[in-house]
$ cat upload04.pdb   # PDB, C-alpha atoms
ATOM      1  CA  MET U   1      85.393  63.149  -3.442
ATOM      2  CA  ILE U   2      87.189  66.453  -3.826
ATOM      3  CA  ARG U   3      86.367  69.586  -5.768
ATOM      4  CA  HIS U   4      89.171  71.278  -7.677
ATOM      5  CA  GLY U   5      90.808  74.509  -6.500
ATOM      6  CA  LEU U   6      89.629  78.004  -7.369
ATOM      7  CA  THR U   7      89.817  79.388 -10.910
ATOM      8  CA  ALA U   8      89.468  82.936 -12.229
ATOM      9  CA  SER U   9      86.117  81.920 -13.732
ATOM     10  CA  ASN U  10      84.903  80.743 -10.307
ATOM     11  CA  SER U  11      85.797  84.133  -8.855
ATOM     12  CA  ALA U  12      84.022  85.965 -11.705
ATOM     13  CA  GLY U  13      80.826  83.869 -11.491
ATOM     14  CA  VAL U  14      81.326  82.522 -15.014
ATOM     15  CA  LEU U  15      79.891  79.167 -16.102
ATOM     16  CA  GLN U  16      82.939  77.010 -16.833
ATOM     17  CA  GLY U  17      81.452  73.663 -17.782
ATOM     18  CA  ARG U  18      83.896  71.821 -20.059
ATOM     19  CA  ARG U  19      86.069  74.903 -20.717
ATOM     20  CA  ASP U  20      89.591  73.943 -19.738
ATOM     21  CA  ILE U  21      90.380  76.685 -17.233
ATOM     22  CA  PRO U  22      93.519  76.326 -15.066
ATOM     23  CA  LEU U  23      93.720  77.108 -11.367
ATOM     24  CA  SER U  24      94.238  80.697 -10.264
ATOM     25  CA  GLU U  25      97.071  81.620  -7.905
ATOM     26  CA  LYS U  26      94.717  81.191  -4.960
ATOM     27  CA  GLY U  27      93.529  77.887  -6.395
ATOM     28  CA  LEU U  28      97.095  76.642  -6.643
ATOM     29  CA  GLU U  29      97.680  77.538  -3.000
ATOM     30  CA  GLN U  30      94.448  75.777  -1.998
ATOM     31  CA  ALA U  31      95.644  72.693  -3.882
ATOM     32  CA  ARG U  32      99.028  72.844  -2.175
ATOM     33  CA  LEU U  33      97.353  72.919   1.248
ATOM     34  CA  LEU U  34      95.100  70.063   0.154
ATOM     35  CA  GLY U  35      98.203  68.061  -0.748
ATOM     36  CA  LYS U  36      99.604  68.623   2.740
ATOM     37  CA  ARG U  37      96.371  67.241   4.165
ATOM     38  CA  PHE U  38      96.718  64.065   2.119
ATOM     39  CA  SER U  39     100.306  63.495   3.189
ATOM     40  CA  ALA U  40      98.733  61.914   6.287
ATOM     41  CA  VAL U  41      95.962  60.007   4.454
ATOM     42  CA  PRO U  42      96.799  56.541   3.060
ATOM     43  CA  LEU U  43      95.480  56.310  -0.506
ATOM     44  CA  ASP U  44      95.438  53.352  -2.866
ATOM     45  CA  ARG U  45      94.064  55.109  -5.957
ATOM     46  CA  LEU U  46      93.802  58.631  -7.311
ATOM     47  CA  TYR U  47      91.444  59.737 -10.074
ATOM     48  CA  CYS U  48      90.509  63.097 -11.561
ATOM     49  CA  SER U  49      88.449  64.579 -14.340
ATOM     50  CA  SER U  50      90.228  65.217 -17.637
ATOM     51  CA  LEU U  51      90.065  69.011 -17.177
ATOM     52  CA  SER U  52      93.240  70.812 -16.139
ATOM     53  CA  ARG U  53      91.819  72.446 -12.993
ATOM     54  CA  ALA U  54      91.011  69.007 -11.593
ATOM     55  CA  ARG U  55      94.290  67.513 -12.793
ATOM     56  CA  GLN U  56      96.342  70.325 -11.218
ATOM     57  CA  THR U  57      94.520  69.772  -7.927
ATOM     58  CA  ALA U  58      94.973  65.997  -8.088
ATOM     59  CA  GLU U  59      98.683  66.363  -8.824
ATOM     60  CA  GLN U  60      99.179  68.014  -5.421
ATOM     61  CA  ILE U  61      97.469  65.052  -3.749
ATOM     62  CA  GLY U  62      99.482  62.639  -5.862
ATOM     63  CA  ALA U  63     102.771  64.291  -4.922
ATOM     64  CA  ALA U  64     101.938  63.747  -1.249
ATOM     65  CA  ALA U  65     100.541  60.228  -1.691
ATOM     66  CA  GLY U  66     103.037  58.902  -4.244
ATOM     67  CA  LEU U  67     100.337  58.395  -6.882
ATOM     68  CA  ILE U  68      99.815  59.576 -10.450
ATOM     69  CA  PRO U  69      96.252  60.819 -11.110
ATOM     70  CA  GLU U  70      94.271  58.742 -13.597
ATOM     71  CA  PRO U  71      91.851  60.857 -15.688
ATOM     72  CA  LEU U  72      88.243  59.719 -16.033
ATOM     73  CA  GLU U  73      85.777  61.397 -18.396
ATOM     74  CA  GLY U  74      82.931  60.411 -16.088
ATOM     75  CA  LEU U  75      84.241  62.846 -13.463
ATOM     76  CA  ASN U  76      84.065  65.838 -15.824
ATOM     77  CA  GLU U  77      81.916  68.871 -15.124
ATOM     78  CA  ILE U  78      78.493  69.367 -16.706
ATOM     79  CA  ASP U  79      78.664  70.433 -20.339
ATOM     80  CA  MET U  80      76.920  73.825 -20.509
ATOM     81  CA  GLY U  81      77.201  74.067 -24.288
ATOM     82  CA  GLN U  82      76.730  77.579 -25.672
ATOM     83  CA  MET U  83      76.251  79.035 -22.177
ATOM     84  CA  GLU U  84      79.838  78.332 -21.159
ATOM     85  CA  GLY U  85      81.946  81.419 -20.627
ATOM     86  CA  LEU U  86      78.933  83.502 -19.596
ATOM     87  CA  THR U  87      77.705  84.708 -16.215
ATOM     88  CA  TYR U  88      74.158  83.831 -15.147
ATOM     89  CA  GLU U  89      73.103  87.413 -15.906
ATOM     90  CA  GLN U  90      74.583  87.198 -19.405
ATOM     91  CA  CYS U  91      72.758  83.910 -19.907
ATOM     92  CA  ARG U  92      69.479  85.562 -18.954
ATOM     93  CA  ARG U  93      70.064  88.304 -21.533
ATOM     94  CA  GLN U  94      71.393  86.144 -24.379
ATOM     95  CA  TYR U  95      69.307  83.025 -23.736
ATOM     96  CA  PRO U  96      66.124  84.251 -22.012
ATOM     97  CA  LYS U  97      63.912  81.283 -22.930
ATOM     98  CA  GLU U  98      66.582  78.754 -22.026
ATOM     99  CA  SER U  99      67.324  80.523 -18.731
ATOM    100  CA  GLU U 100      63.642  80.479 -17.848
ATOM    101  CA  ALA U 101      63.497  76.758 -18.641
ATOM    102  CA  MET U 102      66.589  76.162 -16.480
ATOM    103  CA  GLU U 103      65.005  77.932 -13.508
ATOM    104  CA  ARG U 104      61.694  76.127 -14.025
ATOM    105  CA  ASN U 105      63.086  72.584 -14.376
ATOM    106  CA  ALA U 106      66.788  72.508 -13.546
ATOM    107  CA  ALA U 107      67.018  68.707 -13.454
ATOM    108  CA  GLU U 108      65.900  68.132 -17.049
ATOM    109  CA  PHE U 109      67.205  71.356 -18.587
ATOM    110  CA  ALA U 110      70.106  71.072 -21.041
ATOM    111  CA  ALA U 111      71.847  74.180 -22.362
ATOM    112  CA  PRO U 112      72.035  74.472 -26.161
ATOM    113  CA  GLY U 113      74.698  71.970 -27.169
ATOM    114  CA  GLY U 114      75.109  70.771 -23.562
ATOM    115  CA  GLU U 115      73.846  68.095 -21.199
ATOM    116  CA  SER U 116      71.216  67.948 -18.462
ATOM    117  CA  ALA U 117      71.598  67.483 -14.728
ATOM    118  CA  ILE U 118      70.053  64.030 -15.073
ATOM    119  CA  GLN U 119      72.699  63.051 -17.629
ATOM    120  CA  VAL U 120      75.449  64.221 -15.257
ATOM    121  CA  TYR U 121      73.764  62.345 -12.401
ATOM    122  CA  ASP U 122      73.700  59.111 -14.405
ATOM    123  CA  ARG U 123      77.348  59.243 -15.452
ATOM    124  CA  ALA U 124      78.628  60.390 -12.038
ATOM    125  CA  VAL U 125      76.793  57.587 -10.248
ATOM    126  CA  LYS U 126      77.955  54.980 -12.779
ATOM    127  CA  THR U 127      81.566  56.195 -12.647
ATOM    128  CA  LEU U 128      81.860  56.217  -8.866
ATOM    129  CA  LEU U 129      80.006  52.960  -8.233
ATOM    130  CA  ASP U 130      82.156  51.297 -10.898
ATOM    131  CA  LEU U 131      85.268  52.539  -9.076
ATOM    132  CA  ALA U 132      83.974  51.104  -5.814
ATOM    133  CA  LYS U 133      83.381  47.714  -7.448
ATOM    134  CA  ARG U 134      86.808  47.803  -9.095
ATOM    135  CA  HIS U 135      88.659  48.558  -5.853
ATOM    136  CA  PRO U 136      86.960  46.742  -2.958
ATOM    137  CA  GLY U 137      88.562  47.409   0.410
ATOM    138  CA  GLU U 138      90.686  50.252  -0.977
ATOM    139  CA  THR U 139      90.700  54.002  -0.402
ATOM    140  CA  ALA U 140      90.442  56.153  -3.506
ATOM    141  CA  ALA U 141      90.371  59.910  -4.034
ATOM    142  CA  ALA U 142      88.438  61.382  -6.971
ATOM    143  CA  VAL U 143      88.967  65.038  -7.888
ATOM    144  CA  SER U 144      85.959  66.362  -9.752
ATOM    145  CA  HIS U 145      83.742  69.443 -10.040
ATOM    146  CA  GLY U 146      81.104  71.151  -7.972
ATOM    147  CA  PHE U 147      78.046  70.197 -10.017
ATOM    148  CA  THR U 148      79.190  66.642 -10.671
ATOM    149  CA  ILE U 149      79.873  66.062  -6.979
ATOM    150  CA  ARG U 150      76.477  67.515  -6.060
ATOM    151  CA  MET U 151      74.794  65.041  -8.386
ATOM    152  CA  PHE U 152      76.530  62.101  -6.711
ATOM    153  CA  LEU U 153      75.614  63.446  -3.269
ATOM    154  CA  LEU U 154      71.995  63.521  -4.422
ATOM    155  CA  TYR U 155      72.343  59.803  -5.070
ATOM    156  CA  VAL U 156      73.842  59.294  -1.608
ATOM    157  CA  LYS U 157      70.905  61.193  -0.109
ATOM    158  CA  ASN U 158      68.272  59.223  -2.006
ATOM    159  CA  PRO U 159      69.674  56.179  -3.907
ATOM    160  CA  GLY U 160      67.798  55.055  -6.958
ATOM    161  CA  HIS U 161      65.862  58.290  -7.440
ATOM    162  CA  ARG U 162      67.022  60.536 -10.240
ATOM    163  CA  PRO U 163      67.160  64.220  -9.301
ATOM    164  CA  VAL U 164      64.180  66.547  -9.212
ATOM    165  CA  GLU U 165      66.259  69.206  -7.486
ATOM    166  CA  THR U 166      69.856  70.244  -8.007
ATOM    167  CA  GLU U 167      70.779  72.576  -5.132
ATOM    168  CA  PRO U 168      70.573  70.700  -1.797
ATOM    169  CA  PHE U 169      74.340  70.808  -1.305
ATOM    170  CA  TRP U 170      77.056  73.337  -1.930
ATOM    171  CA  VAL U 171      80.562  72.090  -2.615
ATOM    172  CA  ASP U 172      83.434  74.517  -2.028
ATOM    173  CA  ASN U 173      86.791  74.611  -3.812
ATOM    174  CA  THR U 174      89.097  71.805  -2.563
ATOM    175  CA  ALA U 175      86.391  70.639  -0.123
ATOM    176  CA  VAL U 176      86.628  66.935   0.755
ATOM    177  CA  SER U 177      83.647  64.603   1.207
ATOM    178  CA  LYS U 178      84.440  61.157   2.594
ATOM    179  CA  LEU U 179      82.047  58.386   1.612
ATOM    180  CA  ILE U 180      82.066  54.735   2.642
ATOM    181  CA  ILE U 181      80.671  52.561  -0.165
ATOM    182  CA  ARG U 182      79.833  49.133   1.228
ATOM    183  CA  SER U 183      79.810  45.835  -0.656
ATOM    184  CA  ASP U 184      75.989  45.786  -0.638
ATOM    185  CA  GLY U 185      75.953  49.130  -2.472
ATOM    186  CA  SER U 186      74.842  51.212   0.495
ATOM    187  CA  ILE U 187      76.747  54.438   1.161
ATOM    188  CA  ALA U 188      77.501  56.277   4.388
ATOM    189  CA  ALA U 189      78.832  59.821   4.455
ATOM    190  CA  GLU U 190      81.523  60.193   7.103
ATOM    191  CA  TYR U 191      81.724  63.924   6.398
ATOM    192  CA  LEU U 192      80.807  66.350   3.607
ATOM    193  CA  ASN U 193      82.385  69.548   2.261
ATOM    194  CA  ASP U 194      85.253  69.579   4.763
ATOM    195  CA  ARG U 195      87.734  72.444   4.309
ATOM    196  CA  SER U 196      89.759  72.055   7.503
ATOM    197  CA  HIS U 197      93.013  72.140   5.488
ATOM    198  CA  LEU U 198      92.335  75.773   4.490
ATOM    199  CA  PRO U 199      92.967  78.832   6.673
ATOM    200  CA  PRO U 200      89.807  80.137   8.405
ATOM    201  CA  GLU U 201      89.486  83.149   6.113
ATOM    202  CA  TRP U 202      89.210  80.825   3.091
ATOM    203  CA  ARG U 203      86.537  78.527   4.510
TER     204      ARG U 203
END
$ encode --input "upload04.pdb" --output "structure tokens"
Amino acid sequence: MIRHGLTASNSAGVLQGRRDIPLSEKGLEQARLLGKRFSAVPLDRLYCSSLSRARQTAEQIGAAAGLIPEPLEGLNEIDMGQMEGLTYEQCRRQYPKESEAMERNAAEFAAPGGESAIQVYDRAVKTLLDLAKRHPGETAAAVSHGFTIRMFLLYVKNPGHRPVETEPFWVDNTAVSKLIIRSDGSIAAEYLNDRSHLPPEWR
């Protein structure tokens, strides 16, 4: 599992959600370095969310691996509804009650017109376990988003228990987490949030 490269909204602390924001110049360079990393990694499949920042990142991997990224809606970022395009501080001013509810119960909170962490958890888990069943014995890369990846890592940490917390992991831009999904459904994390392909000052 791989998070997309940096965007201008990431740098500004803006909630992106489903807004289709492309990679920034730095994000494009991160993706290029990520592609170099995958030139030495045999891949059978390559998937990405349908948003351009994930697709641009996946295309760099695909160029190195000889694969065309296949978009999957289930890998998309959380839909933050009317809060998209705002910073957390702007959300607190414009949506004070909703922001209070988000801080009080982040797992069940859904922004106006958006989806909850539990909904993201359910679709991320279904999407990735379905991929594992579809491609037994193969190695696949899935380029997704920080929140969506965190939800799947919650499942890895505690399978079968829907989230009551949403912040046990941080996922950095272009960070790679390698997971082994066994035929019995159990999952082992070989490593998480690895950014060894980036220069030290970007890690």
$ closest_residue --input "upload04.pdb" --among "U:Ala175, U:Val156, U:Leu23, U:Ala117" --to "Ala188 (chain U)" --atoms "only C-alpha atoms"
U:Val156
$ closest_atom_pairs --input "upload04.pdb" --of "region 118-177 of chain U" --to "region 75-82 of chain U" --cutoff "8 Å" --atoms "only C-alpha atoms" --output "Markdown table"
| residue | atom | partner | partner_atom | distance |
| --- | --- | --- | --- | --- |
| U:Val120 | CA | U:Ile78 | CA | 6.2 |
| U:Ala124 | CA | U:Leu75 | CA | 6.3 |
| U:Thr127 | CA | U:Leu75 | CA | 7.2 |
| U:Ala142 | CA | U:Leu75 | CA | 7.9 |
| U:Val143 | CA | U:Leu75 | CA | 7.6 |
| U:Ser144 | CA | U:Leu75 | CA | 5.4 |
| U:His145 | CA | U:Glu77 | CA | 5.4 |
| U:Gly146 | CA | U:Glu77 | CA | 7.6 |
| U:Phe147 | CA | U:Glu77 | CA | 6.5 |
| U:Thr148 | CA | U:Glu77 | CA | 5.7 |
$ write_last_selection --input "upload04.pdb" --atoms "C-alpha atoms" --output "JSON list (two decimals), in the frame of the given file"
[["chain", "number", "residue", "atom", "x", "y", "z"],
["U", 120, "VAL", "CA", 75.45, 64.22, -15.26],
["U", 124, "ALA", "CA", 78.63, 60.39, -12.04],
["U", 127, "THR", "CA", 81.57, 56.20, -12.65],
["U", 142, "ALA", "CA", 88.44, 61.38, -6.97],
["U", 143, "VAL", "CA", 88.97, 65.04, -7.89],
["U", 144, "SER", "CA", 85.96, 66.36, -9.75],
["U", 145, "HIS", "CA", 83.74, 69.44, -10.04],
["U", 146, "GLY", "CA", 81.10, 71.15, -7.97],
["U", 147, "PHE", "CA", 78.05, 70.20, -10.02],
["U", 148, "THR", "CA", 79.19, 66.64, -10.67]]
$ resolve_selection --input "upload04.pdb" --expression "the PyMOL selection byres ((chain U and resi 5) around 7)" --output "list in words"
Arg3, His4, Leu6, Thr7, Leu23, Gly27, Leu28, Gln30, Ala31, Arg53, Thr57, Asn173 and Thr174 of chain U
$ resolve_selection --input "upload04.pdb" --expression "the PyMOL selection byres ((chain U and resi 8-14) around 7)" --output "PDB file with C-alpha atoms, in the frame of the given file"
ATOM      1  CA  LEU U   6      89.629  78.004  -7.369  1.00  0.00           C
ATOM      2  CA  THR U   7      89.817  79.388 -10.910  1.00  0.00           C
ATOM      3  CA  LEU U  15      79.891  79.167 -16.102  1.00  0.00           C
ATOM      4  CA  GLN U  16      82.939  77.010 -16.833  1.00  0.00           C
ATOM      5  CA  SER U  24      94.238  80.697 -10.264  1.00  0.00           C
ATOM      6  CA  GLY U  85      81.946  81.419 -20.627  1.00  0.00           C
ATOM      7  CA  LEU U  86      78.933  83.502 -19.596  1.00  0.00           C
ATOM      8  CA  THR U  87      77.705  84.708 -16.215  1.00  0.00           C
TER       9      THR U  87
END
$ resolve_selection --input "upload04.pdb" --expression "the PyMOL selection byres ((chain U and resi 47-51) around 9)" --output "PyMOL selection string"
chain U and resi 18-22+45-46+52-58+68-77+140-145
$ decode --input "upload04.pdb" --residues "region 145-156 of chain U" --atoms "all heavy atoms" --output "short mmCIF file (atom, residue, chain, number, x, y, z; two decimals), in the first residue's frame"
data_model
loop_
_atom_site.label_atom_id
_atom_site.label_comp_id
_atom_site.auth_asym_id
_atom_site.auth_seq_id
_atom_site.Cartn_x
_atom_site.Cartn_y
_atom_site.Cartn_z
N HIS U 145 -4.69 6.73 -0.30
CA HIS U 145 -4.65 8.01 0.42
C HIS U 145 -4.40 7.77 1.90
O HIS U 145 -4.67 6.68 2.43
CB HIS U 145 -5.96 8.76 0.20
CG HIS U 145 -6.27 9.00 -1.24
ND1 HIS U 145 -5.94 10.16 -1.89
CD2 HIS U 145 -6.82 8.18 -2.18
CE1 HIS U 145 -6.31 10.07 -3.17
NE2 HIS U 145 -6.85 8.88 -3.36
N GLY U 146 -3.92 8.81 2.56
CA GLY U 146 -3.51 8.66 3.94
C GLY U 146 -4.59 8.10 4.85
O GLY U 146 -4.35 7.14 5.60
N PHE U 147 -5.79 8.67 4.82
CA PHE U 147 -6.84 8.21 5.72
C PHE U 147 -7.29 6.80 5.37
O PHE U 147 -7.49 5.95 6.25
CB PHE U 147 -8.03 9.17 5.69
CG PHE U 147 -8.99 8.94 6.82
CD1 PHE U 147 -8.78 9.53 8.05
CD2 PHE U 147 -10.09 8.13 6.65
CE1 PHE U 147 -9.65 9.30 9.11
CE2 PHE U 147 -10.98 7.89 7.69
CZ PHE U 147 -10.76 8.50 8.93
N THR U 148 -7.45 6.53 4.09
CA THR U 148 -7.90 5.21 3.66
C THR U 148 -6.89 4.13 4.06
O THR U 148 -7.28 3.05 4.54
CB THR U 148 -8.12 5.20 2.14
OG1 THR U 148 -9.03 6.25 1.80
CG2 THR U 148 -8.68 3.87 1.66
N ILE U 149 -5.61 4.42 3.89
CA ILE U 149 -4.59 3.46 4.30
C ILE U 149 -4.61 3.25 5.81
O ILE U 149 -4.50 2.12 6.30
CB ILE U 149 -3.20 3.92 3.82
CG1 ILE U 149 -3.14 3.89 2.28
CG2 ILE U 149 -2.09 3.03 4.40
CD1 ILE U 149 -1.88 4.51 1.71
N ARG U 150 -4.78 4.34 6.56
CA ARG U 150 -4.84 4.20 8.02
C ARG U 150 -5.98 3.29 8.44
O ARG U 150 -5.85 2.48 9.38
CB ARG U 150 -5.00 5.57 8.68
CG ARG U 150 -3.76 6.42 8.63
CD ARG U 150 -3.63 7.37 9.80
NE ARG U 150 -4.79 8.19 10.05
CZ ARG U 150 -5.00 9.38 9.49
NH1 ARG U 150 -4.14 9.86 8.60
NH2 ARG U 150 -6.07 10.09 9.79
N MET U 151 -7.11 3.39 7.76
CA MET U 151 -8.24 2.54 8.12
C MET U 151 -7.91 1.07 7.88
O MET U 151 -8.26 0.20 8.68
CB MET U 151 -9.49 2.94 7.33
CG MET U 151 -10.10 4.27 7.72
SD MET U 151 -10.64 4.36 9.46
CE MET U 151 -9.22 5.15 10.24
N PHE U 152 -7.23 0.76 6.77
CA PHE U 152 -6.88 -0.63 6.53
C PHE U 152 -5.83 -1.10 7.54
O PHE U 152 -5.88 -2.25 7.99
CB PHE U 152 -6.37 -0.84 5.11
CG PHE U 152 -6.21 -2.30 4.76
CD1 PHE U 152 -7.33 -3.09 4.55
CD2 PHE U 152 -4.96 -2.89 4.70
CE1 PHE U 152 -7.20 -4.45 4.26
CE2 PHE U 152 -4.81 -4.24 4.40
CZ PHE U 152 -5.95 -5.02 4.18
N LEU U 153 -4.92 -0.25 7.94
CA LEU U 153 -3.93 -0.64 8.94
C LEU U 153 -4.57 -0.87 10.30
O LEU U 153 -4.08 -1.68 11.10
CB LEU U 153 -2.81 0.41 9.03
CG LEU U 153 -1.93 0.54 7.79
CD1 LEU U 153 -0.85 1.59 8.00
CD2 LEU U 153 -1.31 -0.80 7.40
N LEU U 154 -5.68 -0.18 10.58
CA LEU U 154 -6.44 -0.49 11.79
C LEU U 154 -6.96 -1.92 11.74
O LEU U 154 -6.96 -2.63 12.75
CB LEU U 154 -7.62 0.48 11.94
CG LEU U 154 -7.35 1.81 12.62
CD1 LEU U 154 -8.58 2.70 12.52
CD2 LEU U 154 -6.99 1.60 14.09
N TYR U 155 -7.41 -2.33 10.57
CA TYR U 155 -7.88 -3.71 10.41
C TYR U 155 -6.72 -4.69 10.61
O TYR U 155 -6.89 -5.72 11.27
CB TYR U 155 -8.48 -3.89 9.02
CG TYR U 155 -8.87 -5.31 8.71
CD1 TYR U 155 -10.09 -5.83 9.15
CD2 TYR U 155 -8.02 -6.14 7.98
CE1 TYR U 155 -10.44 -7.14 8.87
CE2 TYR U 155 -8.36 -7.45 7.70
CZ TYR U 155 -9.58 -7.94 8.14
OH TYR U 155 -9.92 -9.25 7.88
N VAL U 156 -5.56 -4.38 10.06
CA VAL U 156 -4.40 -5.24 10.24
C VAL U 156 -4.05 -5.36 11.72
O VAL U 156 -3.72 -6.45 12.21
CB VAL U 156 -3.19 -4.69 9.44
CG1 VAL U 156 -1.92 -5.48 9.73
CG2 VAL U 156 -3.50 -4.69 7.94
#
